[in-house]
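Asker: Quick one, data.csv (CSV, C-alpha atoms):
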```csv
chain,number,residue,atom,x,y,z
A,1,MET,CA,48.7,-18.4,43.2
A,2,LEU,CA,45.3,-17.2,42.0
A,3,LEU,CA,45.3,-14.1,39.9
A,4,CYS,CA,42.0,-12.3,40.2
A,5,ASN,CA,40.4,-10.1,37.6
A,6,CYS,CA,38.5,-7.9,40.1
A,7,VAL,CA,36.9,-5.6,37.6
A,8,ALA,CA,33.1,-6.0,37.4
A,9,HIS,CA,31.7,-6.7,34.0
A,10,GLN,CA,28.4,-7.7,32.5
A,11,SER,CA,28.6,-10.5,30.0
A,12,PHE,CA,27.4,-9.7,26.5
A,13,ALA,CA,25.7,-13.2,26.3
A,14,ASP,CA,22.0,-13.3,27.1
A,15,THR,CA,22.6,-16.5,29.1
A,16,ILE,CA,25.5,-17.6,31.3
A,17,ILE,CA,26.3,-21.1,32.5
A,18,ILE,CA,28.4,-21.4,35.6
A,19,ARG,CA,30.0,-24.8,36.2
A,20,ALA,CA,31.9,-26.2,39.1
A,21,ASP,CA,32.7,-29.7,40.5
A,22,ARG,CA,30.1,-29.2,43.3
A,23,MET,CA,27.6,-26.9,44.9
A,24,ILE,CA,26.0,-26.8,48.4
A,25,ASP,CA,22.3,-26.8,49.0
A,26,VAL,CA,22.4,-24.6,52.1
A,27,THR,CA,18.9,-25.7,53.1
A,28,THR,CA,19.5,-29.4,53.3
A,29,GLY,CA,23.3,-29.4,53.5
A,30,LYS,CA,23.5,-31.7,50.5
A,31,LEU,CA,26.6,-31.6,48.4
A,32,ILE,CA,25.7,-31.8,44.7
A,33,GLY,CA,28.2,-32.5,42.0
A,34,PRO,CA,28.9,-31.7,39.3
A,35,ALA,CA,27.0,-28.4,39.3
A,36,SER,CA,25.7,-26.2,36.4
A,37,ILE,CA,23.7,-23.0,37.1
A,38,VAL,CA,22.0,-21.2,34.2
A,39,VAL,CA,21.7,-17.4,34.6
A,40,GLU,CA,19.6,-15.1,32.5
A,41,GLY,CA,19.8,-11.4,33.3
A,42,ASN,CA,19.9,-11.1,37.1
A,43,LYS,CA,18.1,-14.4,37.9
A,44,ILE,CA,19.0,-18.0,38.2
A,45,VAL,CA,16.7,-19.8,35.7
A,46,ALA,CA,17.9,-23.5,36.1
A,47,VAL,CA,20.1,-25.6,38.3
A,48,ASN,CA,21.5,-28.8,36.7
A,49,PRO,CA,18.9,-29.0,33.9
A,50,LYS,CA,18.8,-32.0,31.7
A,51,ALA,CA,19.8,-29.9,28.7
A,52,LEU,CA,22.0,-26.8,28.8
A,53,PRO,CA,21.5,-23.9,26.4
A,54,ALA,CA,23.7,-24.3,23.4
A,55,ASP,CA,24.4,-20.6,22.8
A,56,ALA,CA,25.3,-19.6,26.3
A,57,GLU,CA,28.6,-18.3,27.6
A,58,THR,CA,30.1,-20.9,29.9
A,59,ILE,CA,32.3,-20.2,32.9
A,60,ASP,CA,33.9,-23.4,34.1
A,61,LEU,CA,35.4,-23.0,37.6
A,62,GLY,CA,36.6,-26.5,37.9
A,63,ASP,CA,37.5,-27.9,41.3
A,64,ARG,CA,35.5,-25.3,43.3
A,65,THR,CA,32.3,-25.2,45.4
A,66,LEU,CA,29.4,-23.0,44.4
A,67,LEU,CA,27.4,-21.2,47.1
A,68,PRO,CA,24.7,-18.5,47.2
A,69,GLY,CA,26.0,-15.0,47.8
A,70,LEU,CA,26.6,-14.4,51.5
A,71,PHE,CA,25.0,-12.0,54.0
A,72,ASP,CA,26.7,-10.0,56.8
A,73,MET,CA,24.2,-8.6,59.2
A,74,HIS,CA,26.5,-6.3,61.1
A,75,THR,CA,28.9,-4.2,59.0
A,76,HIS,CA,30.4,-0.7,59.3
A,77,LEU,CA,31.4,-0.1,55.7
A,78,THR,CA,31.9,3.6,56.1
A,79,PHE,CA,34.9,3.4,58.4
A,80,ASP,CA,37.5,1.1,60.0
A,81,PHE,CA,39.9,1.5,62.9
A,82,PHE,CA,43.0,1.3,60.6
A,83,THR,CA,42.3,3.9,57.9
A,84,GLY,CA,42.4,7.7,58.1
A,85,ASP,CA,42.5,9.5,61.5
A,86,HIS,CA,42.7,7.5,64.7
A,87,TRP,CA,39.3,6.0,65.6
A,88,THR,CA,39.3,8.1,68.8
A,89,THR,CA,39.3,11.4,66.9
A,90,ALA,CA,38.0,10.5,63.4
A,91,ALA,CA,34.4,11.6,64.2
A,92,VAL,CA,35.5,15.2,64.7
A,93,LYS,CA,38.4,15.4,62.1
A,94,GLU,CA,36.7,13.8,59.1
A,95,THR,CA,33.5,14.4,57.2
A,96,PRO,CA,30.5,12.5,55.8
A,97,ALA,CA,32.2,12.7,52.4
A,98,ASP,CA,35.3,11.0,53.8
A,99,TRP,CA,33.2,8.2,55.3
A,100,ALA,CA,31.2,7.6,52.2
A,101,LEU,CA,34.4,7.4,50.2
A,102,TYR,CA,35.8,4.9,52.6
A,103,GLY,CA,32.6,3.0,52.0
A,104,VAL,CA,33.3,2.7,48.3
A,105,ALA,CA,36.6,0.9,49.0
A,106,PHE,CA,35.4,-1.2,52.0
A,107,GLY,CA,32.1,-2.1,50.2
A,108,ARG,CA,34.1,-3.4,47.2
A,109,GLN,CA,36.4,-5.4,49.6
A,110,THR,CA,33.3,-6.9,51.3
A,111,LEU,CA,31.7,-7.8,48.0
A,112,GLU,CA,34.8,-9.4,46.7
A,113,ALA,CA,34.9,-11.5,49.9
A,114,GLY,CA,31.6,-13.0,48.8
A,115,PHE,CA,29.1,-10.9,50.7
A,116,THR,CA,26.5,-9.7,48.3
A,117,THR,CA,24.0,-8.4,51.0
A,118,VAL,CA,24.9,-6.5,54.2
A,119,ARG,CA,23.1,-4.7,57.0
A,120,GLU,CA,24.9,-1.6,58.1
A,121,ALA,CA,25.0,-1.2,61.8
A,122,GLY,CA,25.2,2.6,62.1
A,123,ALA,CA,27.5,5.3,60.8
A,124,TRP,CA,28.8,8.7,62.0
A,125,PRO,CA,26.5,11.7,61.4
A,126,GLY,CA,25.5,12.7,57.8
A,127,PHE,CA,24.0,9.4,56.5
A,128,PRO,CA,27.1,8.2,54.6
A,129,ASP,CA,25.8,4.7,54.6
A,130,VAL,CA,22.5,5.8,53.0
A,131,ALA,CA,24.5,7.7,50.4
A,132,LEU,CA,26.6,4.5,49.7
A,133,MET,CA,23.4,2.4,49.4
A,134,ARG,CA,22.0,4.8,46.8
A,135,ALA,CA,25.2,4.9,44.8
A,136,VAL,CA,25.4,1.1,44.7
A,137,GLU,CA,21.7,0.9,43.7
A,138,ALA,CA,22.2,3.4,40.9
A,139,GLY,CA,25.3,1.6,39.6
A,140,ARG,CA,27.7,4.4,40.3
A,141,VAL,CA,29.9,2.3,42.5
A,142,THR,CA,30.3,-1.5,42.9
A,143,GLY,CA,29.3,-2.9,46.3
A,144,PRO,CA,26.9,-5.2,48.1
A,145,ARG,CA,23.3,-4.6,48.6
A,146,ILE,CA,23.1,-2.3,51.7
A,147,TYR,CA,20.5,-2.1,54.3
A,148,PRO,CA,21.7,1.0,56.3
A,149,ALA,CA,20.8,2.0,59.9
A,150,GLY,CA,21.9,5.6,59.5
A,151,HIS,CA,22.4,7.1,63.0
A,152,ALA,CA,22.3,4.6,65.8
A,153,LEU,CA,20.1,5.6,68.7
A,154,SER,CA,21.9,6.3,72.0
A,155,ILE,CA,21.4,8.1,75.2
A,156,THR,CA,23.5,11.2,75.7
A,157,GLY,CA,27.0,10.2,76.5
A,158,GLY,CA,26.3,6.5,75.9
A,159,HIS,CA,27.6,4.0,73.4
A,160,CYS,CA,27.0,5.3,69.9
A,161,ASP,CA,27.2,8.9,71.1
A,162,VAL,CA,30.5,10.8,70.2
A,163,THR,CA,32.2,11.3,73.6
A,164,GLY,CA,35.5,12.4,75.1
A,165,PHE,CA,35.7,15.9,73.8
A,166,ALA,CA,35.2,19.3,75.3
A,167,PRO,CA,31.6,20.7,75.8
A,168,GLY,CA,30.4,22.1,72.5
A,169,VAL,CA,32.4,19.7,70.3
A,170,MET,CA,30.2,17.3,68.3
A,171,GLU,CA,27.2,17.7,70.5
A,172,LEU,CA,24.5,15.6,68.9
A,173,GLY,CA,20.7,15.5,69.2
A,174,PRO,CA,17.7,13.4,68.1
A,175,ASN,CA,18.3,14.0,64.4
A,176,GLN,CA,21.8,12.4,64.8
A,177,GLY,CA,20.3,9.6,67.0
A,178,ILE,CA,21.1,10.9,70.4
A,179,ALA,CA,17.8,10.9,72.1
A,180,ASN,CA,16.5,10.8,75.7
A,181,GLY,CA,12.9,10.1,76.7
A,182,VAL,CA,9.9,9.2,74.6
A,183,ASP,CA,9.5,12.5,72.7
A,184,GLU,CA,13.1,12.7,71.5
A,185,ILE,CA,13.1,8.9,70.7
A,186,LEU,CA,10.0,9.4,68.4
A,187,GLN,CA,11.8,12.3,66.7
A,188,ALA,CA,14.9,10.3,66.2
A,189,VAL,CA,13.2,7.2,64.7
A,190,ARG,CA,11.1,9.3,62.4
A,191,TYR,CA,14.1,11.3,61.2
A,192,GLN,CA,16.0,8.1,60.4
A,193,ALA,CA,13.0,6.8,58.5
A,194,LYS,CA,12.6,10.1,56.6
A,195,HIS,CA,16.1,9.9,55.3
A,196,GLY,CA,16.0,6.4,54.0
A,197,VAL,CA,17.3,3.9,56.6
A,198,LYS,CA,16.2,0.3,56.2
A,199,VAL,CA,16.7,-0.7,59.9
A,200,ILE,CA,16.9,1.0,63.2
A,201,LYS,CA,19.8,0.4,65.5
A,202,VAL,CA,19.7,1.1,69.2
A,203,CYS,CA,22.5,0.9,71.7
A,204,ALA,CA,20.6,-0.8,74.5
A,205,THR,CA,23.8,-1.1,76.6
A,206,SER,CA,27.1,0.5,76.9
A,207,GLY,CA,30.0,-0.9,74.9
A,208,ILE,CA,33.8,-1.3,74.4
A,209,PHE,CA,34.8,1.5,72.1
A,210,SER,CA,33.1,4.3,74.0
A,211,ALA,CA,33.3,6.2,77.2
A,212,GLY,CA,32.4,4.5,80.5
A,213,LYS,CA,33.8,1.7,82.6
A,214,GLN,CA,30.8,-0.7,82.6
A,215,PRO,CA,30.6,-2.2,79.1
A,216,GLY,CA,27.4,-4.1,79.8
A,217,ALA,CA,25.3,-1.6,81.6
A,218,GLN,CA,21.8,-1.0,80.4
A,219,GLN,CA,21.3,2.4,78.9
A,220,TYR,CA,17.8,2.9,77.6
A,221,SER,CA,14.9,2.1,80.0
A,222,ASN,CA,12.4,-0.6,79.3
A,223,VAL,CA,9.8,2.0,78.3
A,224,GLU,CA,12.2,3.8,76.0
A,225,LEU,CA,13.2,0.5,74.3
A,226,ARG,CA,9.5,-0.4,73.7
A,227,THR,CA,8.9,3.0,72.3
A,228,ILE,CA,11.8,2.6,69.8
A,229,VAL,CA,10.5,-0.8,68.6
A,230,GLU,CA,6.9,0.3,68.4
A,231,GLU,CA,7.7,3.5,66.4
A,232,ALA,CA,10.1,1.6,64.1
A,233,SER,CA,7.4,-0.9,63.4
A,234,ARG,CA,5.0,1.8,62.3
A,235,HIS,CA,7.5,2.7,59.6
A,236,GLY,CA,8.0,-0.9,58.6
A,237,LEU,CA,11.4,-1.1,60.1
A,238,LYS,CA,13.0,-3.8,62.3
A,239,VAL,CA,15.2,-3.0,65.3
A,240,MET,CA,18.7,-4.3,65.8
A,241,ALA,CA,20.0,-3.9,69.4
A,242,HIS,CA,23.6,-3.6,70.4
A,243,ALA,CA,23.6,-5.3,73.8
A,244,HIS,CA,26.4,-6.8,75.9
A,245,GLY,CA,25.1,-7.0,79.4
A,246,SER,CA,22.4,-9.4,80.5
A,247,GLU,CA,19.9,-6.9,81.8
A,248,GLY,CA,20.1,-4.8,78.6
A,249,ILE,CA,19.9,-7.9,76.4
A,250,LEU,CA,16.8,-9.1,78.2
A,251,ALA,CA,15.1,-5.7,78.1
A,252,ALA,CA,15.8,-5.4,74.3
A,253,VAL,CA,14.4,-8.9,73.7
A,254,LYS,CA,11.2,-8.2,75.7
A,255,ALA,CA,10.8,-4.9,73.9
A,256,GLY,CA,10.7,-6.7,70.6
A,257,ALA,CA,14.1,-6.1,69.0
A,258,ALA,CA,14.5,-8.3,65.9
A,259,SER,CA,18.1,-9.1,66.7
A,260,ILE,CA,20.6,-8.9,69.5
A,261,GLU,CA,24.0,-7.8,68.3
A,262,HIS,CA,27.1,-9.2,70.2
A,263,GLY,CA,25.0,-10.6,73.1
A,264,SER,CA,28.1,-11.1,75.2
A,265,MET,CA,26.4,-12.1,78.5
A,266,LEU,CA,23.5,-14.4,77.6
A,267,THR,CA,21.6,-16.3,80.4
A,268,HIS,CA,19.2,-19.2,80.3
A,269,GLU,CA,16.4,-16.7,80.9
A,270,ILE,CA,17.4,-14.7,77.9
A,271,ILE,CA,17.7,-17.8,75.7
A,272,LYS,CA,14.2,-18.8,76.7
A,273,GLU,CA,12.8,-15.4,75.9
A,274,MET,CA,14.6,-15.3,72.5
A,275,LYS,CA,13.3,-18.6,71.5
A,276,LYS,CA,9.8,-17.7,72.6
A,277,ARG,CA,9.8,-14.5,70.5
A,278,GLY,CA,12.0,-15.7,67.6
A,279,THR,CA,14.7,-13.1,68.3
A,280,TYR,CA,17.9,-13.5,66.3
A,281,TYR,CA,21.4,-13.6,67.8
A,282,VAL,CA,24.1,-11.9,65.8
A,283,PRO,CA,27.3,-13.0,67.6
A,284,THR,CA,30.1,-11.1,65.8
A,285,ILE,CA,32.3,-13.6,67.5
A,286,TYR,CA,35.5,-13.1,65.4
A,287,THR,CA,35.9,-9.7,67.1
A,288,TRP,CA,37.1,-11.5,70.2
A,289,ASP,CA,40.0,-13.1,68.2
A,290,ILE,CA,41.4,-9.8,66.8
A,291,LEU,CA,44.2,-7.6,68.1
A,292,LEU,CA,42.9,-4.3,69.3
A,293,PRO,CA,44.0,-1.3,67.2
A,294,GLU,CA,47.3,0.4,68.0
A,295,ASN,CA,47.2,2.9,70.8
A,296,THR,CA,43.8,1.6,72.2
A,297,PRO,CA,43.1,3.4,75.5
A,298,GLN,CA,43.6,1.2,78.6
A,299,ASP,CA,39.9,1.5,79.6
A,300,THR,CA,38.9,0.0,76.3
A,301,VAL,CA,41.4,-2.8,76.7
A,302,ASN,CA,40.0,-3.6,80.2
A,303,LYS,CA,36.4,-3.6,78.9
A,304,PHE,CA,37.3,-5.8,76.0
A,305,ASN,CA,39.0,-8.4,78.2
A,306,PHE,CA,36.1,-8.3,80.7
A,307,LEU,CA,33.5,-9.1,78.1
A,308,LYS,CA,35.7,-11.6,76.2
A,309,SER,CA,35.6,-13.9,79.3
A,310,PHE,CA,31.8,-14.2,78.8
A,311,ALA,CA,31.4,-14.2,75.0
A,312,ASP,CA,32.5,-17.7,74.2
A,313,LYS,CA,30.2,-19.2,76.8
A,314,SER,CA,27.3,-17.2,75.5
A,315,PHE,CA,28.0,-18.3,72.0
A,316,ARG,CA,28.1,-22.0,72.9
A,317,MET,CA,24.9,-21.6,74.9
A,318,ALA,CA,23.1,-20.1,72.0
A,319,VAL,CA,24.3,-22.8,69.6
A,320,ASP,CA,23.4,-25.6,72.0
A,321,SER,CA,19.9,-24.1,72.6
A,322,SER,CA,19.1,-23.7,68.9
A,323,VAL,CA,18.5,-20.0,69.1
A,324,ASN,CA,18.1,-18.3,65.7
A,325,ILE,CA,21.6,-17.2,64.7
A,326,ALA,CA,22.4,-14.9,61.8
A,327,PHE,CA,25.9,-14.2,60.6
A,328,GLY,CA,27.4,-10.8,61.5
A,329,THR,CA,30.9,-9.6,61.9
A,330,ASP,CA,31.2,-6.0,63.2
A,331,SER,CA,33.7,-5.4,60.3
A,332,GLY,CA,35.4,-2.1,60.7
A,333,THR,CA,36.6,-3.0,64.1
A,334,PHE,CA,38.9,-5.2,62.1
A,335,PRO,CA,40.0,-4.9,58.4
A,336,HIS,CA,37.1,-5.5,56.0
A,337,ILE,CA,39.1,-8.0,54.0
A,338,GLU,CA,39.0,-10.3,57.0
A,339,THR,CA,35.2,-10.6,57.0
A,340,GLY,CA,35.2,-14.3,56.0
A,341,LYS,CA,37.2,-15.3,59.1
A,342,GLU,CA,33.9,-15.1,61.1
A,343,PHE,CA,33.1,-18.6,59.7
A,344,TYR,CA,36.1,-20.2,61.3
A,345,ALA,CA,35.6,-18.3,64.5
A,346,MET,CA,32.1,-19.7,64.8
A,347,VAL,CA,33.0,-23.3,63.9
A,348,ARG,CA,36.0,-23.5,66.2
A,349,ARG,CA,33.6,-22.6,69.0
A,350,GLY,CA,31.3,-25.5,68.4
A,351,MET,CA,29.0,-24.6,65.4
A,352,THR,CA,28.8,-27.0,62.5
A,353,PRO,CA,30.0,-25.8,59.1
A,354,LEU,CA,26.5,-26.2,57.7
A,355,HIS,CA,25.0,-24.1,60.6
A,356,ALA,CA,27.6,-21.4,59.9
A,357,LEU,CA,26.7,-21.4,56.2
A,358,GLN,CA,23.0,-21.2,57.0
A,359,ALA,CA,23.6,-18.3,59.4
A,360,ALA,CA,25.1,-16.4,56.5
A,361,THR,CA,22.4,-17.3,54.0
A,362,ILE,CA,18.9,-18.6,54.7
A,363,ASN,CA,18.9,-17.5,58.4
A,364,ALA,CA,20.1,-14.0,57.6
A,365,ALA,CA,17.5,-13.7,54.8
A,366,VAL,CA,14.7,-14.4,57.2
A,367,LEU,CA,16.0,-11.8,59.7
A,368,LEU,CA,16.3,-9.3,56.9
A,369,GLY,CA,12.9,-10.2,55.5
A,370,VAL,CA,13.9,-11.1,52.0
A,371,SER,CA,13.1,-14.2,50.0
A,372,ASP,CA,14.6,-13.5,46.6
A,373,ARG,CA,18.1,-14.7,47.4
A,374,ALA,CA,20.3,-16.9,49.7
A,375,GLU,CA,19.7,-20.1,47.8
A,376,LEU,CA,20.9,-21.6,44.5
A,377,LYS,CA,17.5,-22.2,43.1
A,378,ALA,CA,15.6,-21.2,39.9
A,379,GLY,CA,13.9,-17.9,40.4
A,380,LYS,CA,16.3,-16.5,42.9
A,381,LEU,CA,18.6,-13.6,42.2
A,382,ALA,CA,21.9,-14.5,40.6
A,383,ASP,CA,24.1,-13.9,43.6
A,384,ILE,CA,26.6,-16.7,43.3
A,385,ILE,CA,30.1,-17.3,44.7
A,386,ALA,CA,32.7,-20.0,44.4
A,387,VAL,CA,35.3,-21.1,46.9
A,388,ASP,CA,38.4,-23.2,46.8
A,389,GLY,CA,37.8,-26.5,48.6
A,390,ASN,CA,34.7,-27.8,50.4
A,391,PRO,CA,33.6,-25.7,53.3
A,392,LEU,CA,31.6,-28.6,54.8
A,393,ASN,CA,34.9,-30.3,55.3
A,394,ASP,CA,37.0,-27.2,56.0
A,395,ILE,CA,35.1,-24.0,56.8
A,396,ARG,CA,38.3,-22.0,56.2
A,397,ALA,CA,37.5,-22.4,52.5
A,398,MET,CA,35.1,-19.5,53.1
A,399,ASP,CA,38.1,-17.2,53.4
A,400,ARG,CA,39.2,-18.3,49.8
A,401,VAL,CA,36.5,-16.8,47.6
A,402,VAL,CA,37.6,-17.0,44.0
A,403,PHE,CA,34.4,-16.0,42.1
A,404,VAL,CA,31.6,-13.6,42.9
A,405,MET,CA,28.5,-12.8,40.8
A,406,LYS,CA,26.0,-10.3,42.1
A,407,ASP,CA,22.7,-9.7,40.3
A,408,GLY,CA,24.0,-11.6,37.3
A,409,GLU,CA,27.1,-9.4,37.1
A,410,ILE,CA,30.5,-11.0,37.4
A,411,ILE,CA,32.4,-9.0,40.1
A,412,LYS,CA,35.4,-11.3,40.6
A,413,THR,CA,36.9,-14.3,38.8
A,414,ASP,CA,40.2,-16.0,38.5
```
Spit out the file's structure as structure tokens when you get a sec.
Answerer:
Amino acid sequence: MLLCNCVAHQSFADTIIIRADRMIDVTTGKLIGPASIVVEGNKIVAVNPKALPADAETIDLGDRTLLPGLFDMHTHLTFDFFTGDHWTTAAVKETPADWALYGVAFGRQTLEAGFTTVREAGAWPGFPDVALMRAVEAGRVTGPRIYPAGHALSITGGHCDVTGFAPGVMELGPNQGIANGVDEILQAVRYQAKHGVKVIKVCATSGIFSAGKQPGAQQYSNVELRTIVEEASRHGLKVMAHAHGSEGILAAVKAGAASIEHGSMLTHEIIKEMKKRGTYYVPTIYTWDILLPENTPQDTVNKFNFLKSFADKSFRMAVDSSVNIAFGTDSGTFPHIETGKEFYAMVRRGMTPLHALQAATINAAVLLGVSDRAELKAGKLADIIAVDGNPLNDIRAMDRVVFVMKDGEIIKTD
């Protein structure tokens, strides 16, 4: 059994050497061993140099594999369906303070699972995800780097609105992301940008955990979707589009969304458009392997089962067609400690282990628009993890993270 010291600490040494039997170059897929990575401050300064610094602190991880810190491009750190009030009522019984405090715990769990950078896919009103980002950046709490979406954009009564309650209860407007028509959409996007979001999320179609019986129906019109993307781009923000049904996926792709989240009902036409435009697919495929939360309404169960019948085929189509794929989990719909299980869910559906690792590193970095991490190379941020075993041989090793360093700070070690 591994005993983990999960208390973050900054070494007093100016230089740290991290050793292990092997490391993976995620760009080439080459397994390199043995491996020695030299860290100074928050940067990697050398990988397997001819001479190692004599006065450095050395951390020898032995029979482990070193990898760059991972990315999750679709998280919900400020809630999950298994903590606090039942997910069907939590939005009206809890507060932004509750959700931000959940984020402290769930963010720590996510970081300890090896995910040093995440993109938050929307939170309930009050910007708890933005508050969590600021707390992490200020060093007040320990968590991954967070790129929050704030309030996801939705039509009134659509997926990402709060529904199912009496008139007058939790009625939301453009400032909370519920916007109809061009004028309200402009207000909604501008309000998110004003309050510090790093990405705009739009619910282009209906979904599973919301009202309605058609989980793939397009919600925003083509004109509205184009308005969202155009206005977001004026603020330097990309758009991530929740989309299950084919018509809504295609409309979001043509509107210029940077990524399609879930993408349950892909078609050859959609694939062609995505490749033409460089659109990313964030499959969140592990969500189809989970057990639904206790007391899930029957309508939700029916929608889940309906879309599940399409999701595997869509995933294989995207892999076979070489669409850009970035790793994302939809964590929160399942416990955050299970985030690493997305790797095995992808590989058992036909993706190679290397492709899965690239989806969670270099591919995700391109989607996010960052170039200072995602590889174990000199000059990159010292975001480094170690796993038991070799994930190129057994991808389930990615669920056995035993060492995490973020920004040169040791978060978890055995």
Asker: For Met133 in chain A, list every protein, DNA or RNA residue within 8 Å, evaluated using all atoms listed in the file, and leave out those in the same chain fewer than 4 positions away; present the list as a PyMOL selection string.
Answerer: chain A and resi 129+137+145-148
Asker: Each side padded by 5 Å, which centre and which edge lengths in Å (one decimal) define the axis-aligned box around the listed atoms of range 285-303 of chain A? Give them as JSON.
Answerer:
```
{"center_x": 39.8, "center_y": -5.1, "center_z": 72.8, "size_x": 25.0, "size_y": 27.0, "size_z": 24.8}
```
Asker: What's the separation between CA of Ala360 in chain A and CA of Gly126 in chain A, in Å to one decimal place?
Answerer: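 Between CA of Ala360 in chain A and CA of Gly126 in chain A the gap works out to 29.1 Å.
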Asker: Around (25.5, -10.9, 56.7) in the file's own coordinates, what residues are found within 12 Å if you use all atoms listed in the file, given back as a PyMOL selection string?
Answerer: chain A and resi 69-76+110-111+113-121+144-147+282-284+325-331+339-340+342-343+356-368+374
Asker: Out of A:Leu237, A:Ala46, A:Val141, A:Val169, which residue has the shortest atom-to-atom distance to Ile411 in chain A when counting all atoms listed in the file?
Answerer: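 Smallest separation from Ile411 in chain A among the options: A:Val141.
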